[in-house]
Amino acid sequence: MAATIDANLEGIFKVWYTDKSPEDVFFRNSPVVKRIPKTRIGGKEYKVPLLLGNGGSASGSLIASTTNATANGSAPNVEFAITNGQMFATFFVTQQEILASQNVRGAYMPVVVNRMAQGLDSFRKLAATSLYGSGYGEIGVVGGTPTITLGVNVVDFLKKSTVVKLSVGSVFSIVDGSLPSDTLYAGKNTVWGINGTEVTFNADTAIGAVAATDVIVLDGCRNGSAPLLPVGLSAWLPSYLDRTGTAWDTYIGTPFYGVNRGINVEGAAGQFIKRDSVGLEKLADAIVRGVEAVRTAGGMPDLLVVNSTDYNRIISELNAQTSLFQSIDTGKKTKGNAVAKGLSDMSYAFSTSFVDEMWDDPFCPEGTAYILSSDTMEFAGLTNSETPLNDGITGNNPGKDSLTDTKAPNADYYWLIEDYITSQPGANTINGPALQIIVQLYGSWVVHNPSKCAVLNIA
């Protein structure tokens, strides 16, 4: 600490403020959310057709072919009747706050810009959560067996891909079961501290002991047993229970957007690859098997998505089994004594199929990877989704947008500004009238042909 200024001189000194823009501690946003094309739709449903087979009437005998065609008919043509999910982010600002922060002498930045940046970041994180979820706001599993008591609790065994979906102030609940659609425990939990994978929260209800496989979900993402968020990849390309057992049979036999996927599981629910961890199968080898499965299904895979932790696992594995030539202090060097460790890019090929983009996404669940044919994917929405979901970062590049790059909404009362913002009167406060700003989105993630994509269990 600096020496204390003479009290008789304090009156002539000013406070010196930084000229730099305010910083934030928001996690990086999902690059895959921006990568998926956005489509505007209307109406109550979005119908997507899928042919689940060819009928199998071909035979070496015309009699047999005719008999089979007569007896069995043609394979079913089905339609996914996709309904819209919804997302909201809300904040309030008072007239006094707006007036007091109109210029740099009064505040580092206008309050409405600050609140809008926070609201949009929360909104984008929820969109990323929905992309890898099934519409219930699931963010991960407990992972341990804590006893949730009334008041302050600490859990320190959550995965990074779970913690990244939380923020100080997030409210979550816990599901009594391994499916997000299972019954919720009573009570809500509010996060007030995050330290790595340790989360401190306040519980308003004592739950007692919970199971390691119980699912953590964000508050307000379901209506009874029905999901409210856009339905994402864990429902379109499920890997629940490794696709084995009676519980899986029940899950896959339940109609999904009106389609019985049990007729042709890989055709309607995507390819599934489980790494042979007992046999010590390499992660890269399991991924190549996934590329082969998508190729065989007629897909053209072009994007591999993994969690950043799994990305690092793959790098370590490849470096351990690959001999790399390193030039140190040669005539070709560009910097003195420079060493680069790690891999900046990876591609996976099987025959003439080539996945040339491998993106690490912190919101992708750890132990799960997706091989996607991006031409079969889209976000179909009623609202403008391109603008609120785009944070200005190109592709899979690192970084995030600056707080001061956020555009402030108009402080007048408007209905559907730019098709995704509504501003309306808030409740009167002791400091004057308030304005309520709502960022909204209606739509759902769509995989037109799940068979052309794969989900991998690489745990």
# chains A, B, ... in the order shown; residues from 1 in each chain; ligands from 1
>>> residues_around(residues="A:Ser134", least_positions_apart="6", cutoff="10 Å", atoms="only C-alpha atoms", output="number ranges by chain")
A: 179-181, 227-238, 445
>>> residues_around(residues="A:Pro110", least_positions_apart="2", cutoff="12 Å", atoms="only C-alpha atoms", output="number ranges by chain")
A: 21-22, 93-108, 112-117, 403-404, 406-409, 411
>>> write_last_selection(atoms="N, CA and C atoms", output="mmCIF file, in the first residue's frame")
data_model
loop_
_atom_site.group_PDB
_atom_site.id
_atom_site.type_symbol
_atom_site.label_atom_id
_atom_site.label_comp_id
_atom_site.auth_asym_id
_atom_site.auth_seq_id
_atom_site.Cartn_x
_atom_site.Cartn_y
_atom_site.Cartn_z
ATOM 1 N N SER A 21 -11.690 0.486 -21.405
ATOM 2 C CA SER A 21 -13.091 0.101 -21.262
ATOM 3 C C SER A 21 -13.251 -0.913 -20.136
ATOM 4 N N PRO A 22 -14.400 -0.966 -19.516
ATOM 5 C CA PRO A 22 -14.637 -1.980 -18.481
ATOM 6 C C PRO A 22 -14.477 -3.384 -19.038
ATOM 7 N N VAL A 93 -33.961 -1.173 -15.654
ATOM 8 C CA VAL A 93 -33.133 0.007 -15.481
ATOM 9 C C VAL A 93 -34.069 1.166 -15.137
ATOM 10 N N THR A 94 -33.653 2.017 -14.205
ATOM 11 C CA THR A 94 -34.490 3.138 -13.791
ATOM 12 C C THR A 94 -34.083 4.410 -14.519
ATOM 13 N N GLN A 95 -34.976 5.391 -14.492
ATOM 14 C CA GLN A 95 -34.670 6.679 -15.113
ATOM 15 C C GLN A 95 -33.444 7.310 -14.458
ATOM 16 N N GLN A 96 -33.341 7.207 -13.139
ATOM 17 C CA GLN A 96 -32.211 7.806 -12.436
ATOM 18 C C GLN A 96 -30.891 7.192 -12.908
ATOM 19 N N GLU A 97 -30.873 5.863 -13.108
ATOM 20 C CA GLU A 97 -29.655 5.192 -13.562
ATOM 21 C C GLU A 97 -29.280 5.624 -14.970
ATOM 22 N N ILE A 98 -30.274 5.779 -15.831
ATOM 23 C CA ILE A 98 -30.012 6.214 -17.207
ATOM 24 C C ILE A 98 -29.446 7.626 -17.219
ATOM 25 N N LEU A 99 -30.078 8.535 -16.456
ATOM 26 C CA LEU A 99 -29.642 9.929 -16.444
ATOM 27 C C LEU A 99 -28.269 10.094 -15.807
ATOM 28 N N ALA A 100 -27.982 9.285 -14.788
ATOM 29 C CA ALA A 100 -26.710 9.424 -14.088
ATOM 30 C C ALA A 100 -25.531 8.856 -14.857
ATOM 31 N N SER A 101 -25.796 8.095 -15.905
ATOM 32 C CA SER A 101 -24.707 7.432 -16.645
ATOM 33 C C SER A 101 -24.670 7.835 -18.114
ATOM 34 N N GLN A 102 -25.140 9.033 -18.419
ATOM 35 C CA GLN A 102 -25.225 9.444 -19.818
ATOM 36 C C GLN A 102 -23.874 9.827 -20.416
ATOM 37 N N ASN A 103 -22.889 10.151 -19.584
ATOM 38 C CA ASN A 103 -21.585 10.526 -20.134
ATOM 39 C C ASN A 103 -20.480 9.942 -19.271
ATOM 40 N N VAL A 104 -19.244 10.016 -19.788
ATOM 41 C CA VAL A 104 -18.122 9.361 -19.124
ATOM 42 C C VAL A 104 -17.757 10.012 -17.799
ATOM 43 N N ARG A 105 -18.208 11.233 -17.563
ATOM 44 C CA ARG A 105 -17.915 11.861 -16.285
ATOM 45 C C ARG A 105 -18.814 11.297 -15.180
ATOM 46 N N GLY A 106 -19.925 10.711 -15.580
ATOM 47 C CA GLY A 106 -20.842 10.159 -14.593
ATOM 48 C C GLY A 106 -20.690 8.663 -14.373
ATOM 49 N N ALA A 107 -20.183 7.941 -15.388
ATOM 50 C CA ALA A 107 -20.070 6.487 -15.263
ATOM 51 C C ALA A 107 -19.077 5.970 -16.295
ATOM 52 N N TYR A 108 -18.524 4.788 -16.037
ATOM 53 C CA TYR A 108 -17.614 4.162 -16.997
ATOM 54 C C TYR A 108 -18.322 3.874 -18.316
ATOM 55 N N VAL A 112 -27.591 1.218 -19.155
ATOM 56 C CA VAL A 112 -28.411 0.369 -20.018
ATOM 57 C C VAL A 112 -27.532 -0.514 -20.905
ATOM 58 N N VAL A 113 -26.332 -0.027 -21.294
ATOM 59 C CA VAL A 113 -25.397 -0.844 -22.070
ATOM 60 C C VAL A 113 -24.844 -1.961 -21.195
ATOM 61 N N ASN A 114 -24.484 -1.607 -19.961
ATOM 62 C CA ASN A 114 -23.977 -2.607 -19.023
ATOM 63 C C ASN A 114 -24.998 -3.726 -18.807
ATOM 64 N N ARG A 115 -26.239 -3.348 -18.550
ATOM 65 C CA ARG A 115 -27.279 -4.351 -18.298
ATOM 66 C C ARG A 115 -27.585 -5.160 -19.563
ATOM 67 N N MET A 116 -27.556 -4.501 -20.718
ATOM 68 C CA MET A 116 -27.822 -5.203 -21.974
ATOM 69 C C MET A 116 -26.731 -6.224 -22.253
ATOM 70 N N ALA A 117 -25.465 -5.862 -21.985
ATOM 71 C CA ALA A 117 -24.361 -6.800 -22.198
ATOM 72 C C ALA A 117 -24.516 -8.016 -21.295
ATOM 73 N N LEU A 403 -17.576 -5.233 -23.844
ATOM 74 C CA LEU A 403 -18.810 -4.692 -23.284
ATOM 75 C C LEU A 403 -19.281 -3.467 -24.055
ATOM 76 N N THR A 404 -18.337 -2.619 -24.454
ATOM 77 C CA THR A 404 -18.701 -1.370 -25.124
ATOM 78 C C THR A 404 -19.149 -1.580 -26.568
ATOM 79 N N THR A 406 -21.573 -3.545 -27.245
ATOM 80 C CA THR A 406 -23.001 -3.844 -27.143
ATOM 81 C C THR A 406 -23.819 -2.623 -27.516
ATOM 82 N N LYS A 407 -24.846 -2.852 -28.293
ATOM 83 C CA LYS A 407 -25.732 -1.780 -28.725
ATOM 84 C C LYS A 407 -26.838 -1.588 -27.699
ATOM 85 N N ALA A 408 -27.018 -0.368 -27.237
ATOM 86 C CA ALA A 408 -28.057 -0.091 -26.245
ATOM 87 C C ALA A 408 -29.426 -0.061 -26.903
ATOM 88 N N PRO A 409 -30.426 -0.704 -26.315
ATOM 89 C CA PRO A 409 -31.775 -0.639 -26.868
ATOM 90 C C PRO A 409 -32.380 0.738 -26.640
ATOM 91 N N ALA A 411 -34.699 3.474 -25.226
ATOM 92 C CA ALA A 411 -35.312 3.561 -23.898
ATOM 93 C C ALA A 411 -36.808 3.852 -23.952
#
>>> closest_residue(among="A:Glu418, A:Asn68, A:Thr145, A:Met109", to="A:Lys20", atoms="only C-alpha atoms")
A:Met109
>>> atom_distance(atom1="atom CA of A:Arg222", atom2="atom CA of A:Asn29")
23.4 Å
>>> residues_around(residues="stretch 198-211 of chain A", least_positions_apart="4", cutoff="12 Å", atoms="only C-alpha atoms", output="PyMOL selection string")
chain A and resi 141-160+162-178+184-194+215-216
>>> select_by_dssp(residues="stretch 33-138 of chain A", states="alpha helix (DSSP H)", output="number ranges by chain")
A: 33-35, 62-72, 95-100, 111-131
>>> write_last_selection(atoms="N, CA and C atoms", output="short mmCIF file (atom, residue, chain, number, x, y, z; two decimals), in the first residue's frame")
data_model
loop_
_atom_site.label_atom_id
_atom_site.label_comp_id
_atom_site.auth_asym_id
_atom_site.auth_seq_id
_atom_site.Cartn_x
_atom_site.Cartn_y
_atom_site.Cartn_z
N VAL A 33 -22.99 -22.58 -31.84
CA VAL A 33 -24.29 -21.91 -31.92
C VAL A 33 -24.33 -20.97 -33.12
N LYS A 34 -23.24 -20.23 -33.33
CA LYS A 34 -23.20 -19.29 -34.46
C LYS A 34 -22.99 -20.00 -35.79
N ARG A 35 -22.36 -21.16 -35.74
CA ARG A 35 -22.03 -21.90 -36.98
C ARG A 35 -23.28 -22.48 -37.65
N LEU A 62 -38.70 -62.81 -58.83
CA LEU A 62 -39.77 -61.84 -59.03
C LEU A 62 -40.97 -62.20 -58.16
N ILE A 63 -41.23 -63.53 -58.00
CA ILE A 63 -42.35 -63.95 -57.18
C ILE A 63 -42.14 -63.48 -55.74
N ALA A 64 -40.91 -63.72 -55.21
CA ALA A 64 -40.61 -63.32 -53.84
C ALA A 64 -40.66 -61.80 -53.71
N SER A 65 -40.12 -61.08 -54.68
CA SER A 65 -40.13 -59.62 -54.63
C SER A 65 -41.56 -59.09 -54.60
N THR A 66 -42.42 -59.68 -55.47
CA THR A 66 -43.81 -59.24 -55.52
C THR A 66 -44.54 -59.58 -54.22
N THR A 67 -44.28 -60.79 -53.70
CA THR A 67 -44.94 -61.22 -52.45
C THR A 67 -44.53 -60.31 -51.29
N ASN A 68 -43.23 -60.01 -51.21
CA ASN A 68 -42.75 -59.16 -50.12
C ASN A 68 -43.31 -57.75 -50.23
N ALA A 69 -43.37 -57.22 -51.45
CA ALA A 69 -43.90 -55.87 -51.64
C ALA A 69 -45.38 -55.82 -51.29
N THR A 70 -46.10 -56.90 -51.64
CA THR A 70 -47.53 -56.95 -51.34
C THR A 70 -47.78 -57.08 -49.84
N ALA A 71 -46.97 -57.93 -49.19
CA ALA A 71 -47.19 -58.20 -47.77
C ALA A 71 -46.72 -57.07 -46.88
N ASN A 72 -45.60 -56.48 -47.23
CA ASN A 72 -44.98 -55.51 -46.33
C ASN A 72 -45.21 -54.06 -46.71
N GLN A 95 -34.98 5.39 -14.49
CA GLN A 95 -34.67 6.68 -15.11
C GLN A 95 -33.44 7.31 -14.46
N GLN A 96 -33.34 7.21 -13.14
CA GLN A 96 -32.21 7.81 -12.44
C GLN A 96 -30.89 7.19 -12.91
N GLU A 97 -30.87 5.86 -13.11
CA GLU A 97 -29.65 5.19 -13.56
C GLU A 97 -29.28 5.62 -14.97
N ILE A 98 -30.27 5.78 -15.83
CA ILE A 98 -30.01 6.21 -17.21
C ILE A 98 -29.45 7.63 -17.22
N LEU A 99 -30.08 8.53 -16.46
CA LEU A 99 -29.64 9.93 -16.44
C LEU A 99 -28.27 10.09 -15.81
N ALA A 100 -27.98 9.28 -14.79
CA ALA A 100 -26.71 9.42 -14.09
C ALA A 100 -25.53 8.86 -14.86
N VAL A 111 -25.52 2.73 -18.05
CA VAL A 111 -26.06 1.59 -17.31
C VAL A 111 -26.85 0.67 -18.23
N VAL A 112 -27.59 1.22 -19.16
CA VAL A 112 -28.41 0.37 -20.02
C VAL A 112 -27.53 -0.51 -20.91
N VAL A 113 -26.33 -0.03 -21.29
CA VAL A 113 -25.40 -0.84 -22.07
C VAL A 113 -24.84 -1.96 -21.20
N ASN A 114 -24.48 -1.61 -19.96
CA ASN A 114 -23.98 -2.61 -19.02
C ASN A 114 -25.00 -3.73 -18.81
N ARG A 115 -26.24 -3.35 -18.55
CA ARG A 115 -27.28 -4.35 -18.30
C ARG A 115 -27.58 -5.16 -19.56
N MET A 116 -27.56 -4.50 -20.72
CA MET A 116 -27.82 -5.20 -21.97
C MET A 116 -26.73 -6.22 -22.25
N ALA A 117 -25.47 -5.86 -21.98
CA ALA A 117 -24.36 -6.80 -22.20
C ALA A 117 -24.52 -8.02 -21.30
N GLN A 118 -24.89 -7.79 -20.05
CA GLN A 118 -25.11 -8.91 -19.13
C GLN A 118 -26.26 -9.78 -19.60
N GLY A 119 -27.36 -9.13 -20.02
CA GLY A 119 -28.53 -9.88 -20.47
C GLY A 119 -28.25 -10.71 -21.71
N LEU A 120 -27.52 -10.12 -22.68
CA LEU A 120 -27.21 -10.85 -23.91
C LEU A 120 -26.27 -12.01 -23.65
N ASP A 121 -25.28 -11.81 -22.75
CA ASP A 121 -24.37 -12.90 -22.45
C ASP A 121 -25.12 -14.05 -21.78
N SER A 122 -25.99 -13.74 -20.85
CA SER A 122 -26.81 -14.78 -20.21
C SER A 122 -27.66 -15.50 -21.24
N PHE A 123 -28.21 -14.73 -22.18
CA PHE A 123 -29.05 -15.28 -23.24
C PHE A 123 -28.25 -16.23 -24.13
N ARG A 124 -27.04 -15.82 -24.50
CA ARG A 124 -26.20 -16.66 -25.38
C ARG A 124 -25.75 -17.93 -24.67
N LYS A 125 -25.47 -17.83 -23.38
CA LYS A 125 -25.09 -19.02 -22.63
C LYS A 125 -26.28 -19.99 -22.55
N LEU A 126 -27.50 -19.46 -22.40
CA LEU A 126 -28.68 -20.33 -22.36
C LEU A 126 -28.91 -20.99 -23.72
N ALA A 127 -28.65 -20.25 -24.81
CA ALA A 127 -28.79 -20.84 -26.14
C ALA A 127 -27.81 -21.99 -26.33
N ALA A 128 -26.57 -21.82 -25.85
CA ALA A 128 -25.57 -22.88 -25.94
C ALA A 128 -25.97 -24.07 -25.09
N THR A 129 -26.53 -23.80 -23.91
CA THR A 129 -27.02 -24.88 -23.05
C THR A 129 -28.12 -25.66 -23.76
N SER A 130 -29.01 -24.95 -24.43
CA SER A 130 -30.11 -25.62 -25.13
C SER A 130 -29.61 -26.43 -26.33
N LEU A 131 -28.55 -25.95 -27.00
CA LEU A 131 -28.02 -26.68 -28.16
C LEU A 131 -27.59 -28.09 -27.78
#
>>> select_by_dssp(residues="stretch 127-250 of chain A", states="strand (DSSP E or B)", output="short mmCIF file (atom, residue, chain, number, x, y, z; two decimals) with C-alpha atoms, in the first residue's frame")
data_model
loop_
_atom_site.label_atom_id
_atom_site.label_comp_id
_atom_site.auth_asym_id
_atom_site.auth_seq_id
_atom_site.Cartn_x
_atom_site.Cartn_y
_atom_site.Cartn_z
CA GLU A 138 -29.99 -29.49 -18.23
CA ILE A 139 -26.40 -28.44 -17.59
CA GLY A 140 -24.86 -31.71 -16.36
CA VAL A 141 -25.05 -34.35 -13.68
CA THR A 147 -26.35 -34.02 0.94
CA ILE A 148 -28.12 -30.75 0.14
CA GLY A 151 -28.77 -22.71 3.43
CA VAL A 152 -25.16 -22.68 2.23
CA ASN A 153 -23.82 -25.73 0.37
CA VAL A 154 -20.57 -26.40 -1.49
CA VAL A 155 -20.02 -29.01 -4.22
CA VAL A 171 -30.76 -20.49 -10.07
CA PHE A 172 -30.86 -24.26 -10.58
CA SER A 173 -32.83 -27.30 -9.46
CA ILE A 174 -31.93 -30.98 -9.30
CA VAL A 175 -33.85 -33.76 -11.02
CA LEU A 184 -37.74 -32.32 -9.78
CA ASN A 189 -30.56 -23.23 -5.39
CA THR A 190 -28.90 -19.87 -6.05
CA VAL A 191 -25.22 -19.71 -7.00
CA TRP A 192 -23.17 -17.08 -5.19
CA GLY A 193 -19.64 -18.38 -5.58
CA ILE A 194 -17.61 -20.21 -8.28
CA ASN A 195 -14.02 -21.39 -7.77
CA GLU A 198 -16.28 -25.80 -6.89
CA VAL A 199 -19.68 -24.11 -6.68
CA THR A 200 -21.13 -22.50 -3.56
CA PHE A 201 -24.89 -22.02 -3.50
CA ASN A 202 -27.76 -21.26 -1.17
CA ALA A 203 -30.55 -23.87 -1.04
CA GLY A 208 -30.98 -34.58 1.55
CA ALA A 209 -28.70 -37.01 -0.27
CA VAL A 215 -29.38 -34.10 -13.44
CA ILE A 216 -28.84 -30.40 -12.70
CA VAL A 217 -31.22 -28.09 -14.59
CA LEU A 218 -31.60 -24.33 -14.80
CA ARG A 222 -39.95 -26.70 -18.12
CA ASN A 223 -43.72 -26.54 -17.93
CA ALA A 226 -42.72 -30.57 -20.95
CA PRO A 227 -39.54 -28.70 -22.02
#
>>> residues_around(residues="stretch 289-304 of chain A", least_positions_apart="4", cutoff="9 Å", atoms="only C-alpha atoms", output="PyMOL selection string")
chain A and resi 266-267+270-273+284-285+347-351+353-360+369-375+449+451-456
